[in-house]
>>> print(open('final13.pdb').read())   # PDB, C-alpha atoms, pLDDT in the B column
ATOM      1  CA  MET A   3      11.631  11.879  15.967  1.00 76.00           C
ATOM      2  CA  ILE A   4       9.051  13.864  13.963  1.00 89.00           C
ATOM      3  CA  PHE A   5      11.655  15.509  11.734  1.00 92.00           C
ATOM      4  CA  GLU A   6      13.392  12.180  11.008  1.00 94.00           C
ATOM      5  CA  ASN A   7      10.069  10.540  10.156  1.00 93.00           C
ATOM      6  CA  LEU A   8       9.117  13.431   7.877  1.00 95.00           C
ATOM      7  CA  ILE A   9      12.427  13.242   5.993  1.00 96.00           C
ATOM      8  CA  SER A  10      12.188   9.458   5.766  1.00 96.00           C
ATOM      9  CA  ALA A  11       8.610   9.661   4.443  1.00 97.00           C
ATOM     10  CA  ILE A  12       9.500  12.245   1.788  1.00 97.00           C
ATOM     11  CA  LEU A  13      12.572  10.301   0.679  1.00 98.00           C
ATOM     12  CA  GLN A  14      10.622   7.057   0.354  1.00 98.00           C
ATOM     13  CA  VAL A  15       7.880   8.705  -1.731  1.00 98.00           C
ATOM     14  CA  MET A  16      10.567  10.207  -3.984  1.00 98.00           C
ATOM     15  CA  LEU A  17      12.420   6.899  -4.274  1.00 97.00           C
ATOM     16  CA  PHE A  18       9.253   4.962  -5.134  1.00 98.00           C
ATOM     17  CA  SER A  19       8.330   7.631  -7.708  1.00 98.00           C
ATOM     18  CA  ILE A  20      11.584   7.627  -9.701  1.00 98.00           C
ATOM     19  CA  ILE A  21      10.770   4.765 -12.105  1.00 97.00           C
ATOM     20  CA  PRO A  22       7.128   5.871 -12.581  1.00 98.00           C
ATOM     21  CA  PHE A  23       8.283   9.447 -13.248  1.00 98.00           C
ATOM     22  CA  ILE A  24      10.853   8.394 -15.844  1.00 98.00           C
ATOM     23  CA  TRP A  25       8.262   6.148 -17.548  1.00 98.00           C
ATOM     24  CA  TRP A  26       5.672   8.961 -17.570  1.00 98.00           C
ATOM     25  CA  PHE A  27       8.222  11.482 -18.828  1.00 98.00           C
ATOM     26  CA  CYS A  28       9.175   9.231 -21.740  1.00 97.00           C
ATOM     27  CA  THR A  29       5.689   8.000 -22.687  1.00 96.00           C
ATOM     28  CA  ALA A  30       2.844  10.193 -21.402  1.00 96.00           C
ATOM     29  CA  LYS A  31       4.142  13.663 -20.505  1.00 96.00           C
ATOM     30  CA  LYS A  32       2.216  15.319 -23.340  1.00 94.00           C
ATOM     31  CA  LYS A  33      -1.031  13.458 -22.606  1.00 94.00           C
ATOM     32  CA  GLN A  34      -1.661  14.102 -18.897  1.00 95.00           C
ATOM     33  CA  SER A  35      -0.066  15.252 -15.669  1.00 97.00           C
ATOM     34  CA  PHE A  36       2.089  12.829 -13.688  1.00 98.00           C
ATOM     35  CA  LEU A  37      -0.291  12.517 -10.719  1.00 97.00           C
ATOM     36  CA  THR A  38      -3.353  12.038 -12.938  1.00 96.00           C
ATOM     37  CA  TRP A  39      -1.458   9.384 -14.908  1.00 97.00           C
ATOM     38  CA  LEU A  40      -0.822   7.545 -11.627  1.00 98.00           C
ATOM     39  CA  GLY A  41      -4.458   7.864 -10.542  1.00 98.00           C
ATOM     40  CA  LEU A  42      -3.838  10.293  -7.690  1.00 97.00           C
ATOM     41  CA  ARG A  43      -7.122  12.112  -8.174  1.00 96.00           C
ATOM     42  CA  LYS A  44     -10.573  12.310  -6.623  1.00 96.00           C
ATOM     43  CA  PRO A  45     -12.371   8.931  -6.780  1.00 96.00           C
ATOM     44  CA  ILE A  46     -15.394   8.616  -9.064  1.00 95.00           C
ATOM     45  CA  ILE A  47     -17.893   6.650  -6.972  1.00 96.00           C
ATOM     46  CA  GLU A  48     -21.178   5.623  -8.583  1.00 93.00           C
ATOM     47  CA  ASN A  49     -22.627   3.586  -5.715  1.00 94.00           C
ATOM     48  CA  LYS A  50     -21.555   5.028  -2.358  1.00 95.00           C
ATOM     49  CA  ARG A  51     -23.153   2.314  -0.253  1.00 96.00           C
ATOM     50  CA  ARG A  52     -21.432  -0.460  -2.227  1.00 95.00           C
ATOM     51  CA  TYR A  53     -18.157   1.456  -2.121  1.00 96.00           C
ATOM     52  CA  ALA A  54     -18.380   1.919   1.686  1.00 96.00           C
ATOM     53  CA  MET A  55     -19.169  -1.774   2.200  1.00 96.00           C
ATOM     54  CA  PHE A  56     -16.216  -2.936   0.106  1.00 95.00           C
ATOM     55  CA  PHE A  57     -13.967  -0.287   1.680  1.00 96.00           C
ATOM     56  CA  VAL A  58     -14.596  -1.789   5.131  1.00 95.00           C
ATOM     57  CA  LEU A  59     -14.271  -5.353   3.794  1.00 92.00           C
ATOM     58  CA  SER A  60     -10.949  -4.405   2.181  1.00 93.00           C
ATOM     59  CA  ILE A  61      -9.596  -3.227   5.522  1.00 94.00           C
ATOM     60  CA  VAL A  62     -10.679  -6.533   7.059  1.00 93.00           C
ATOM     61  CA  VAL A  63      -8.940  -8.464   4.242  1.00 87.00           C
ATOM     62  CA  LEU A  64      -5.826  -6.374   4.802  1.00 89.00           C
ATOM     63  CA  LEU A  65      -5.769  -6.779   8.572  1.00 91.00           C
ATOM     64  CA  VAL A  66      -7.148 -10.185   9.545  1.00 92.00           C
ATOM     65  CA  PRO A  67      -4.790 -12.526   7.624  1.00 92.00           C
ATOM     66  CA  ASN A  68      -1.757 -10.336   8.261  1.00 90.00           C
ATOM     67  CA  SER A  69      -2.549  -9.991  11.975  1.00 90.00           C
ATOM     68  CA  ALA A  70      -2.996 -13.756  12.289  1.00 91.00           C
ATOM     69  CA  LEU A  71       0.295 -14.264  10.491  1.00 90.00           C
ATOM     70  CA  VAL A  72       2.097 -11.956  12.912  1.00 88.00           C
ATOM     71  CA  TYR A  73       0.369 -13.461  15.944  1.00 87.00           C
ATOM     72  CA  PHE A  74       1.210 -17.061  15.081  1.00 90.00           C
ATOM     73  CA  TYR A  75       4.418 -16.947  13.051  1.00 89.00           C
ATOM     74  CA  ILE A  76       6.328 -13.665  13.045  1.00 90.00           C
ATOM     75  CA  ASP A  77       8.237 -11.987  15.851  1.00 90.00           C
ATOM     76  CA  SER A  78       6.640  -8.537  16.077  1.00 88.00           C
ATOM     77  CA  SER A  79      10.035  -6.916  16.659  1.00 89.00           C
ATOM     78  CA  LEU A  80      10.806  -7.595  12.981  1.00 89.00           C
ATOM     79  CA  LEU A  81       7.977  -5.343  11.800  1.00 91.00           C
ATOM     80  CA  ALA A  82       8.241  -1.653  10.912  1.00 92.00           C
ATOM     81  CA  PRO A  83       5.524  -0.468  13.368  1.00 94.00           C
ATOM     82  CA  ASN A  84       7.671  -1.843  16.199  1.00 94.00           C
ATOM     83  CA  GLN A  85       9.532   1.488  16.100  1.00 94.00           C
ATOM     84  CA  PHE A  86       6.503   2.947  17.933  1.00 95.00           C
ATOM     85  CA  ALA A  87       6.306   0.259  20.638  1.00 95.00           C
ATOM     86  CA  GLY A  88       5.265   1.671  23.993  1.00 95.00           C
ATOM     87  CA  LEU A  89       5.493   5.333  22.938  1.00 95.00           C
ATOM     88  CA  GLY A  90       1.788   6.083  23.291  1.00 95.00           C
ATOM     89  CA  PHE A  91       0.552   9.532  22.262  1.00 95.00           C
ATOM     90  CA  ALA A  92       4.117  10.792  21.799  1.00 95.00           C
ATOM     91  CA  ALA A  93       4.271   8.779  18.580  1.00 96.00           C
ATOM     92  CA  VAL A  94       1.007   9.987  17.012  1.00 96.00           C
ATOM     93  CA  ILE A  95       2.556  12.364  14.452  1.00 97.00           C
ATOM     94  CA  PRO A  96       5.494  10.070  13.558  1.00 97.00           C
ATOM     95  CA  ALA A  97       3.037   7.173  13.194  1.00 97.00           C
ATOM     96  CA  LEU A  98       0.816   9.269  10.895  1.00 97.00           C
ATOM     97  CA  LEU A  99       3.818  10.180   8.737  1.00 97.00           C
ATOM     98  CA  TYR A 100       4.903   6.532   8.610  1.00 97.00           C
ATOM     99  CA  ALA A 101       1.438   5.092   7.946  1.00 97.00           C
ATOM    100  CA  VAL A 102      -0.071   7.640   5.579  1.00 98.00           C
ATOM    101  CA  ILE A 103       2.905   8.945   3.591  1.00 98.00           C
ATOM    102  CA  GLN A 104       5.990   6.767   3.975  1.00 97.00           C
ATOM    103  CA  THR A 105       4.376   3.403   3.414  1.00 97.00           C
ATOM    104  CA  ALA A 106       0.806   3.830   2.124  1.00 98.00           C
ATOM    105  CA  LEU A 107       1.374   6.680  -0.343  1.00 98.00           C
ATOM    106  CA  SER A 108       4.729   5.481  -1.653  1.00 98.00           C
ATOM    107  CA  GLU A 109       3.564   1.875  -2.142  1.00 98.00           C
ATOM    108  CA  GLU A 110       0.249   2.868  -3.724  1.00 98.00           C
ATOM    109  CA  LEU A 111       1.999   5.195  -6.174  1.00 98.00           C
ATOM    110  CA  LEU A 112       4.340   2.410  -7.230  1.00 98.00           C
ATOM    111  CA  PHE A 113       2.172  -0.705  -7.143  1.00 98.00           C
ATOM    112  CA  ARG A 114      -1.414   0.398  -7.853  1.00 98.00           C
ATOM    113  CA  GLY A 115      -0.682   3.736  -9.519  1.00 98.00           C
ATOM    114  CA  PHE A 116       2.183   2.712 -11.755  1.00 98.00           C
ATOM    115  CA  LEU A 117       2.518  -1.054 -12.025  1.00 98.00           C
ATOM    116  CA  LEU A 118      -1.162  -2.055 -12.095  1.00 98.00           C
ATOM    117  CA  LYS A 119      -2.149   0.656 -14.556  1.00 98.00           C
ATOM    118  CA  ARG A 120       0.701  -0.108 -16.954  1.00 98.00           C
ATOM    119  CA  LEU A 121       0.082  -3.859 -16.797  1.00 98.00           C
ATOM    120  CA  ALA A 122      -3.689  -3.429 -17.166  1.00 98.00           C
ATOM    121  CA  ASN A 123      -3.150  -1.255 -20.243  1.00 96.00           C
ATOM    122  CA  SER A 124      -1.035  -3.975 -21.823  1.00 97.00           C
ATOM    123  CA  PHE A 125      -2.648  -7.224 -20.620  1.00 97.00           C
ATOM    124  CA  GLY A 126      -6.086  -6.316 -19.241  1.00 98.00           C
ATOM    125  CA  PHE A 127      -7.221  -5.570 -15.701  1.00 98.00           C
ATOM    126  CA  HIS A 128      -7.394  -9.134 -14.319  1.00 97.00           C
ATOM    127  CA  ALA A 129      -3.919 -10.169 -15.473  1.00 98.00           C
ATOM    128  CA  GLY A 130      -2.465  -6.810 -14.450  1.00 98.00           C
ATOM    129  CA  ASN A 131      -4.025  -6.961 -11.000  1.00 98.00           C
ATOM    130  CA  ILE A 132      -2.810 -10.516 -10.401  1.00 98.00           C
ATOM    131  CA  VAL A 133       0.747  -9.662 -11.456  1.00 98.00           C
ATOM    132  CA  GLN A 134       0.949  -6.457  -9.398  1.00 98.00           C
ATOM    133  CA  SER A 135      -0.416  -8.266  -6.342  1.00 98.00           C
ATOM    134  CA  ILE A 136       2.180 -11.045  -6.698  1.00 98.00           C
ATOM    135  CA  VAL A 137       4.960  -8.465  -7.024  1.00 98.00           C
ATOM    136  CA  PHE A 138       3.553  -6.536  -4.031  1.00 98.00           C
ATOM    137  CA  GLY A 139       3.427  -9.690  -1.910  1.00 97.00           C
ATOM    138  CA  SER A 140       6.870 -10.830  -3.065  1.00 98.00           C
ATOM    139  CA  VAL A 141       8.487  -7.523  -2.106  1.00 97.00           C
ATOM    140  CA  HIS A 142       7.052  -7.836   1.401  1.00 95.00           C
ATOM    141  CA  GLY A 143       8.200 -11.446   1.605  1.00 95.00           C
ATOM    142  CA  ALA A 144      11.688 -10.528   0.399  1.00 95.00           C
ATOM    143  CA  MET A 145      12.075  -8.029   3.256  1.00 92.00           C
ATOM    144  CA  LEU A 146      11.815 -10.925   5.723  1.00 92.00           C
ATOM    145  CA  TRP A 147      13.715 -13.492   3.653  1.00 90.00           C
ATOM    146  CA  SER A 148      16.752 -13.721   5.927  1.00 89.00           C
ATOM    147  CA  VAL A 149      14.803 -14.102   9.186  1.00 90.00           C
ATOM    148  CA  LEU A 150      11.895 -16.424   8.400  1.00 91.00           C
ATOM    149  CA  PRO A 151      11.571 -19.974   7.002  1.00 94.00           C
ATOM    150  CA  VAL A 152      10.389 -20.381   3.414  1.00 95.00           C
ATOM    151  CA  HIS A 153       6.865 -21.595   4.282  1.00 94.00           C
ATOM    152  CA  ILE A 154       6.251 -18.476   6.401  1.00 95.00           C
ATOM    153  CA  ILE A 155       7.638 -16.270   3.618  1.00 95.00           C
ATOM    154  CA  LEU A 156       5.099 -17.858   1.259  1.00 96.00           C
ATOM    155  CA  LEU A 157       2.318 -17.026   3.736  1.00 95.00           C
ATOM    156  CA  VAL A 158       3.556 -13.411   3.889  1.00 95.00           C
ATOM    157  CA  VAL A 159       3.559 -13.240   0.081  1.00 97.00           C
ATOM    158  CA  GLY A 160       0.053 -14.719  -0.054  1.00 96.00           C
ATOM    159  CA  CYS A 161      -1.466 -12.472   2.627  1.00 95.00           C
ATOM    160  CA  THR A 162       0.048  -9.222   1.382  1.00 95.00           C
ATOM    161  CA  GLY A 163      -0.598 -10.251  -2.211  1.00 96.00           C
ATOM    162  CA  LEU A 164      -4.286 -10.780  -1.397  1.00 96.00           C
ATOM    163  CA  ALA A 165      -4.424  -7.311   0.157  1.00 95.00           C
ATOM    164  CA  GLY A 166      -2.744  -5.860  -2.945  1.00 97.00           C
ATOM    165  CA  TYR A 167      -5.255  -7.586  -5.223  1.00 97.00           C
ATOM    166  CA  VAL A 168      -8.238  -6.311  -3.242  1.00 96.00           C
ATOM    167  CA  MET A 169      -6.870  -2.752  -3.155  1.00 97.00           C
ATOM    168  CA  GLY A 170      -6.255  -2.831  -6.916  1.00 98.00           C
ATOM    169  CA  TRP A 171      -9.803  -4.079  -7.469  1.00 97.00           C
ATOM    170  CA  MET A 172     -11.211  -1.309  -5.262  1.00 97.00           C
ATOM    171  CA  ASN A 173      -9.385   1.368  -7.239  1.00 97.00           C
ATOM    172  CA  GLU A 174     -10.199   0.181 -10.711  1.00 97.00           C
ATOM    173  CA  ARG A 175     -13.672  -1.262 -10.215  1.00 96.00           C
ATOM    174  CA  LEU A 176     -15.244   0.978  -7.575  1.00 97.00           C
ATOM    175  CA  ALA A 177     -13.272   4.251  -7.521  1.00 97.00           C
ATOM    176  CA  GLY A 178     -12.944   5.092 -11.210  1.00 96.00           C
ATOM    177  CA  GLY A 179      -9.221   4.335 -11.346  1.00 97.00           C
ATOM    178  CA  SER A 180      -8.287   6.587  -8.433  1.00 98.00           C
ATOM    179  CA  ILE A 181      -5.599   5.257  -6.097  1.00 98.00           C
ATOM    180  CA  VAL A 182      -7.018   7.364  -3.260  1.00 98.00           C
ATOM    181  CA  ALA A 183      -9.185   4.364  -2.309  1.00 96.00           C
ATOM    182  CA  SER A 184      -6.260   1.992  -1.805  1.00 97.00           C
ATOM    183  CA  TRP A 185      -4.161   4.769  -0.272  1.00 98.00           C
ATOM    184  CA  MET A 186      -6.783   5.284   2.445  1.00 98.00           C
ATOM    185  CA  ILE A 187      -7.275   1.537   3.015  1.00 97.00           C
ATOM    186  CA  HIS A 188      -3.514   1.016   3.226  1.00 97.00           C
ATOM    187  CA  ALA A 189      -3.069   4.022   5.538  1.00 97.00           C
ATOM    188  CA  ILE A 190      -5.832   2.877   7.901  1.00 97.00           C
ATOM    189  CA  GLY A 191      -4.322  -0.609   8.095  1.00 95.00           C
ATOM    190  CA  ASN A 192      -0.888   0.820   8.852  1.00 96.00           C
ATOM    191  CA  LEU A 193      -2.303   3.269  11.419  1.00 96.00           C
ATOM    192  CA  LEU A 194      -4.116   0.477  13.230  1.00 95.00           C
ATOM    193  CA  ALA A 195      -0.914  -1.583  13.304  1.00 94.00           C
ATOM    194  CA  ALA A 196       1.118   1.394  14.548  1.00 95.00           C
ATOM    195  CA  GLY A 197      -1.557   2.167  17.179  1.00 95.00           C
ATOM    196  CA  PHE A 198      -1.408  -1.401  18.415  1.00 94.00           C
ATOM    197  CA  PHE A 199       2.338  -1.066  18.982  1.00 95.00           C
ATOM    198  CA  MET A 200       2.040   2.443  20.473  1.00 94.00           C
ATOM    199  CA  PHE A 201      -0.493   1.535  23.131  1.00 93.00           C
ATOM    200  CA  LEU A 202      -0.426  -2.230  23.664  1.00 86.00           C
ATOM    201  CA  PHE A 203       3.321  -3.035  23.628  1.00 75.00           C
TER
END
>>> encode(input="final13.pdb", output="structure tokens")
Amino acid sequence: MIFENLISAILQVMLFSIIPFIWWFCTAKKKQSFLTWLGLRKPIIENKRRYAMFFVLSIVVLLVPNSALVYFYIDSSLLAPNQFAGLGFAAVIPALLYAVIQTALSEELLFRGFLLKRLANSFGFHAGNIVQSIVFGSVHGAMLWSVLPVHIILLVVGCTGLAGYVMGWMNERLAGGSIVASWMIHAIGNLLAAGFFMFLF
């Protein structure tokens, strides 16, 4: 299970990096390294207390609406963390690979590292953050399109879009443009979801 999860995580990061890499190669290769261009660098935090407070609030915004959505409207067997249901400590390493690399890193590279930064450069931060959050939410809604009614899909888009907006705001307004902030928030949310399935299902 560990080997399969490792391969899957690496492949997803590579897949989600193809378009950003091509864009960087054609437009910014001579200006800065690929990872710096995406914001995968140490955060620049001016007010650590404020940053810590909003970091925790961001996790709450990520988890509470999405957990309520799952509890009331979505069959948990449809969700990716269901692969760890009932496995307990045997799934710790696969869950870490899934939560930290496969989903959090790959999605942050694409949505907050690539899409938000390119949109913000062209249209300003607020417009860019709104658009990337709508795209982020829509992708998550599209994954459940065939199994959920439209009104629930719209709730999925809204809840995940809100999380995407908050994570984009954290990166650009409190972490000096580093996507490490949203990567950690996203990873913690995914780890908590995976842990719930590992030990409570």
>>> closest_residue(input="final13.pdb", among="A:Arg120, A:Gly88, A:Asn68, A:Met145", to="A:Ala30", atoms="all atoms listed in the file")
A:Arg120
>>> residues_around(input="final13.pdb", residues="stretch 165-179 of chain A", least_positions_apart="2", cutoff="7 Å", atoms="only C-alpha atoms", output="PyMOL selection string")
chain A and resi 41+45-47+53+60+63-64+114+131-132+135+138+161-163+181+183-184
>>> closest_residue(input="final13.pdb", among="A:Val15, A:Val133, A:Ala189, A:Leu80", to="A:Trp147", atoms="all atoms listed in the file")
A:Leu80
>>> resolve_selection(input="final13.pdb", expression="the PyMOL selection byres ((chain A and resi 21) around 12)", output="PDB file with C-alpha atoms, keeping the file's coordinate frame")
ATOM      1  CA  VAL A  15       7.880   8.705  -1.731  1.00 98.00           C
ATOM      2  CA  MET A  16      10.567  10.207  -3.984  1.00 98.00           C
ATOM      3  CA  LEU A  17      12.420   6.899  -4.274  1.00 97.00           C
ATOM      4  CA  PHE A  18       9.253   4.962  -5.134  1.00 98.00           C
ATOM      5  CA  SER A  19       8.330   7.631  -7.708  1.00 98.00           C
ATOM      6  CA  ILE A  20      11.584   7.627  -9.701  1.00 98.00           C
ATOM      7  CA  PRO A  22       7.128   5.871 -12.581  1.00 98.00           C
ATOM      8  CA  PHE A  23       8.283   9.447 -13.248  1.00 98.00           C
ATOM      9  CA  ILE A  24      10.853   8.394 -15.844  1.00 98.00           C
ATOM     10  CA  TRP A  25       8.262   6.148 -17.548  1.00 98.00           C
ATOM     11  CA  TRP A  26       5.672   8.961 -17.570  1.00 98.00           C
ATOM     12  CA  PHE A  27       8.222  11.482 -18.828  1.00 98.00           C
ATOM     13  CA  CYS A  28       9.175   9.231 -21.740  1.00 97.00           C
ATOM     14  CA  PHE A  36       2.089  12.829 -13.688  1.00 98.00           C
ATOM     15  CA  LEU A  40      -0.822   7.545 -11.627  1.00 98.00           C
ATOM     16  CA  LEU A 111       1.999   5.195  -6.174  1.00 98.00           C
ATOM     17  CA  LEU A 112       4.340   2.410  -7.230  1.00 98.00           C
ATOM     18  CA  PHE A 113       2.172  -0.705  -7.143  1.00 98.00           C
ATOM     19  CA  GLY A 115      -0.682   3.736  -9.519  1.00 98.00           C
ATOM     20  CA  PHE A 116       2.183   2.712 -11.755  1.00 98.00           C
ATOM     21  CA  LEU A 117       2.518  -1.054 -12.025  1.00 98.00           C
TER      22      LEU A 117
END
>>> closest_residue(input="final13.pdb", among="A:Leu99, A:Leu193, A:Val159, A:Ala122", to="A:Phe5", atoms="all atoms listed in the file")
A:Leu99
>>> closest_residue(input="final13.pdb", among="A:Lys119, A:His153, A:Gly130, A:Val141", to="A:Trp39", atoms="only C-alpha atoms")
A:Lys119
>>> closest_residue(input="final13.pdb", among="A:Val137, A:Val152, A:Ala87, A:Ala11", to="A:Leu118", atoms="all atoms listed in the file")
A:Val137
>>> residues_near_point(input="final13.pdb", point="(-0.4, 2.9, 16.6)", cutoff="8 Å", atoms="all atoms listed in the file", output="mmCIF file with C-alpha atoms, in the frame of the given file")
data_model
loop_
_atom_site.group_PDB
_atom_site.id
_atom_site.type_symbol
_atom_site.label_atom_id
_atom_site.label_comp_id
_atom_site.auth_asym_id
_atom_site.auth_seq_id
_atom_site.Cartn_x
_atom_site.Cartn_y
_atom_site.Cartn_z
ATOM 1 C CA PRO A 83 5.524 -0.468 13.368
ATOM 2 C CA PHE A 86 6.503 2.947 17.933
ATOM 3 C CA GLY A 90 1.788 6.083 23.291
ATOM 4 C CA ALA A 93 4.271 8.779 18.580
ATOM 5 C CA VAL A 94 1.007 9.987 17.012
ATOM 6 C CA ALA A 97 3.037 7.173 13.194
ATOM 7 C CA LEU A 193 -2.303 3.269 11.419
ATOM 8 C CA LEU A 194 -4.116 0.477 13.230
ATOM 9 C CA ALA A 195 -0.914 -1.583 13.304
ATOM 10 C CA ALA A 196 1.118 1.394 14.548
ATOM 11 C CA GLY A 197 -1.557 2.167 17.179
ATOM 12 C CA PHE A 198 -1.408 -1.401 18.415
ATOM 13 C CA PHE A 199 2.338 -1.066 18.982
ATOM 14 C CA MET A 200 2.040 2.443 20.473
ATOM 15 C CA PHE A 201 -0.493 1.535 23.131
#
>>> resolve_selection(input="final13.pdb", expression="the PyMOL selection byres ((chain A and resi 73-78) around 10)", output="CSV table (one decimal) with C-alpha atoms, in the frame of the given file")
chain,number,residue,atom,x,y,z
A,67,PRO,CA,-4.8,-12.5,7.6
A,68,ASN,CA,-1.8,-10.3,8.3
A,69,SER,CA,-2.5,-10.0,12.0
A,70,ALA,CA,-3.0,-13.8,12.3
A,71,LEU,CA,0.3,-14.3,10.5
A,72,VAL,CA,2.1,-12.0,12.9
A,79,SER,CA,10.0,-6.9,16.7
A,80,LEU,CA,10.8,-7.6,13.0
A,81,LEU,CA,8.0,-5.3,11.8
A,82,ALA,CA,8.2,-1.7,10.9
A,83,PRO,CA,5.5,-0.5,13.4
A,84,ASN,CA,7.7,-1.8,16.2
A,87,ALA,CA,6.3,0.3,20.6
A,146,LEU,CA,11.8,-10.9,5.7
A,149,VAL,CA,14.8,-14.1,9.2
A,150,LEU,CA,11.9,-16.4,8.4
A,151,PRO,CA,11.6,-20.0,7.0
A,154,ILE,CA,6.3,-18.5,6.4
A,155,ILE,CA,7.6,-16.3,3.6
A,157,LEU,CA,2.3,-17.0,3.7
A,158,VAL,CA,3.6,-13.4,3.9
A,199,PHE,CA,2.3,-1.1,19.0
A,203,PHE,CA,3.3,-3.0,23.6
>>> atom_distance(input="final13.pdb", atom1="atom CA of A:Leu13", atom2="atom CA of A:Val102")
13.8 Å
>>> closest_residue(input="final13.pdb", among="A:Lys33, A:Phe56, A:Arg43, A:Val62", to="A:Gly191", atoms="only C-alpha atoms")
A:Val62
>>> atom_distance(input="final13.pdb", atom1="atom CA of A:Lys31", atom2="atom CA of A:Asn123")
16.6 Å
>>> atom_distance(input="final13.pdb", atom1="atom CA of A:Ser35", atom2="atom CA of A:Lys50")
27.3 Å
>>> residues_around(input="final13.pdb", residues="A:Gln14", least_positions_apart="6", cutoff="9 Å", atoms="only C-alpha atoms", output="PyMOL selection string")
chain A and resi 103-105+108
